[in-house]
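These notes concern the structure reproduced below.
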Amino acid sequence: MAEKQKTIGKSITIKGFGLHTGAEVVLTFHPSVENTGYQFRRIDLENHPVIKAVSDNVVDTSRGTSLEENGIRVHTVEHVLAAVSGLGIDNIIIDVTSQETPIMDGSSKMFVEALLEAGIVQQEAEKYCYAIKEKIEYIDKEKGVEIIAYPDDKFSMNVLIDYDSHALVNQYATLDSLEEFEKNISCCRTFVFFHDLEPLLKNNLIKGGDLSNAIVIIEREVTQDELDRLAKLFNKPTVQVKPQGILNNLELYFNDEPARHKLLDFLGDLALIGCPLKAKIIAKRPGHYANTEFSKILRKIVKKERTKTPAPRYNPSKAPILDNSQIKKMLPHRYPFLLVDKVIELNETSVVGIKNVTFNEYFFTGHFPDEPVMPGVLIIEAMAQVGGILVLSAVPDPENYSTYFLKINNVRFKNKVVPGDTLILKLELMDPIRRGVANVKATAFVGDTIVTEAELMAQVVKNKK
C-alpha cells in the first residue's frame, strides 16, 4: 500500500534565542492540510507573510540557510527542517516571532521532542516520494566538495568531513534510514573552531550563542588569558581545554558528533526539495551552499517529473473505443503502414491509441537484424495517425479527409521500443483547431515510461475524388 502523508496532531510552542540576532523567538508548530509542504510564517509582521521552505527561496548560506519570499526572510532554518523531515512529516506550518529560528542547544533535539509531544498523525492523501533514476552529482573541485545521489529503493546518507585539521580529523557519519534520525542524529550539536569565535562576535554575530549550544574545537595552543577572555565573553567563570581538543563546555554524545551534525544540516537542506527521496546520498565536505545547490538540482528534476504527462491506464480486457476495423474507416493507411491497432480513449481534446509491437514487423528485418529497434520516425508516424483519429473524429465523414504534417517540434527519444512492447500513444490538443490546422502534444509510453515526446502540427485536407 502507498504510504500516506503526515502532519502533527496539535499545535505546540517552543521558545529560545536566535543564534545571530540574539532576539528571543517563539516558534510554534501547527498542523497543516495535505499537499502544503513546509511553510514558515512571520507572525511578528503585518498580515503574517508566509515563506515556503523550498530551494527556490534560498537567498543566503553564509552562516546557515536563509529563505526569502516576497521580500520577507527567515534565517537559520536547517535544524528545524531537519527535525520535521527526519520524523517523516510532510505538511506543517511553522510560526516564528522573529527573522530567525531559535538555536536551542545547537541541534534538532528540542524540536524533535516538541513534534513528538504534538503527535504525528496520518492524513488521507498519498505521500509523493521521488526515486532517483540515475546518478546525480554536484562537484566543486576548488573546495573539495563532492555530493552524489545514487538510485536506491530507500533513503540513506553518508557524510565525510575533512577540515585539514589535527584537532578535527576526518570523520564519517551514516544514516541508513530515517528511523535512526531521532536517536543517532537529532541530538548532534553544531561546532565552531576557537579561532572563529572572536571574529564572529566582533562582526555582531552569534549574539544568541553561548557555550551550551556549540562544540568549540581548539586547533592550537591557547593561553590562559585567551581562555579567560572567552569565558568573560560568554559569562562563564572559567573554561578549560579537554584532552581531545575541545572546550569543557559540554560532553560529546558521540566521538563523531561534528560529522553527524553536518549530516543533520544536510538533511535539513534536502527538505527544501519539497518531497522525500529514495536515494543513497554520499557527501564529501558538505556545507550549506553546496547542500542547497544540490537541492536545487533535485528540485528541478522533481518538478519536471511531477508535471509530465502521466501514463494512461491500459486494460487489454476492456473493449476499445475503436477497433482495427473502425480505425480503417477513418484513416486511409493500410498494411504495412497502419500503425494503430485500437483506440482506448477519445474525447474532444485528447485520444489514446495502442500499437502492439511484434517481432514480425516488416521494419525489424533491416532495423536492426541483430538488435531490433522500432525506428523513431515510425513512432512519430504512429503518433500522427492517432492524432489524425482525434481531429477526424470531429468531422461527420472522416473517410473523405486526410491529415498531413506541417511541422514537428521538440522531439525527444528517451527509450528504445523493441519487439514485445506495447506502445501507448497519447495525443492532446494544445489549442483549438483553426482552419483545419491542429497543434497536438504527443507522448508515447511503454508501461509508465515515456519513450518519445513531440509537438506535431498537421492540416486536415479533403481528399480529391
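For the C-alpha cells, the naming scheme is as follows: chains receive sequential letters (A, B, ...) according to their order of presentation, residues are indexed from 1 within each chain, and ligands are indexed from 1 in presentation order.
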
Next item on the list: Would you kindly return, as a list in words, each protein, DNA or RNA residue with an atom no farther than 10 Å from any atom of Glu24 in chain A, considering only C-alpha atoms and excluding same-chain residues fewer than 5 positions away?
Entry: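 These residues fall inside the cut-off: Lys15, Gly16, Phe17, Gly18, Leu19, Thr97, Ser98, Glu100, Thr101, Pro102 and Gly208 of chain A.
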
Please save C-alpha atoms of the selected residues as a PDB file, in the first residue's frame.
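Written out: out.pdb:
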```pdb
ATOM      1  CA  LYS A  15      10.990  29.300  22.941  1.00  0.00           C
ATOM      2  CA  GLY A  16      14.646  30.230  22.515  1.00  0.00           C
ATOM      3  CA  PHE A  17      17.041  32.807  21.105  1.00  0.00           C
ATOM      4  CA  GLY A  18      18.208  33.447  17.551  1.00  0.00           C
ATOM      5  CA  LEU A  19      21.852  32.412  17.122  1.00  0.00           C
ATOM      6  CA  THR A  97       8.086  35.803  16.094  1.00  0.00           C
ATOM      7  CA  SER A  98      11.419  36.949  14.658  1.00  0.00           C
ATOM      8  CA  GLU A 100      15.460  33.815  12.831  1.00  0.00           C
ATOM      9  CA  THR A 101      14.565  30.425  14.291  1.00  0.00           C
ATOM     10  CA  PRO A 102      15.829  29.699  17.831  1.00  0.00           C
ATOM     11  CA  GLY A 208      22.417  34.296  20.910  1.00  0.00           C
TER      12      GLY A 208
END
```

Checklist line | Atomic separation - CA of Ala271 in chain A relative to CA of Ala53 in chain A, Å | finding: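 About the pair CA of Ala53 in chain A and CA of Ala271 in chain A: they are 7.8 Å apart.
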
Check: Within 9 Å of range 423-426 of chain A, counting only C-alpha atoms, which residues qualify if same-chain residues fewer than 5 places away don't, as number ranges by chain?
Finding: A: 309, 311-312, 314, 345, 350-357, 379, 382-383, 386-387, 417, 441-447, 451

Next item on the list: Tell me which protein, DNA and RNA residues are within 12 Å of Glu305 in chain A, counting only C-alpha atoms, leaving out same-chain ones fewer than 5 positions away, and put them as a PyMOL selection string.
Entry: chain A and resi 128-133+298-300+310+449-450

Next item on the list: Kindly give the distance, in Å, that separates CA of Met110 in chain A and CA of Asp265 in chain A, rounded to a single decimal.
Entry: 15.1 Å

Check: range 56-203 of chain A: which residues are strand (DSSP E or B) by DSSP, as a PyMOL selection string?
Finding: chain A and resi 58-60+66-69+72-75+92-96+100+102+120-126+130-131+136-140+145-151+155-161+171-175+191-193
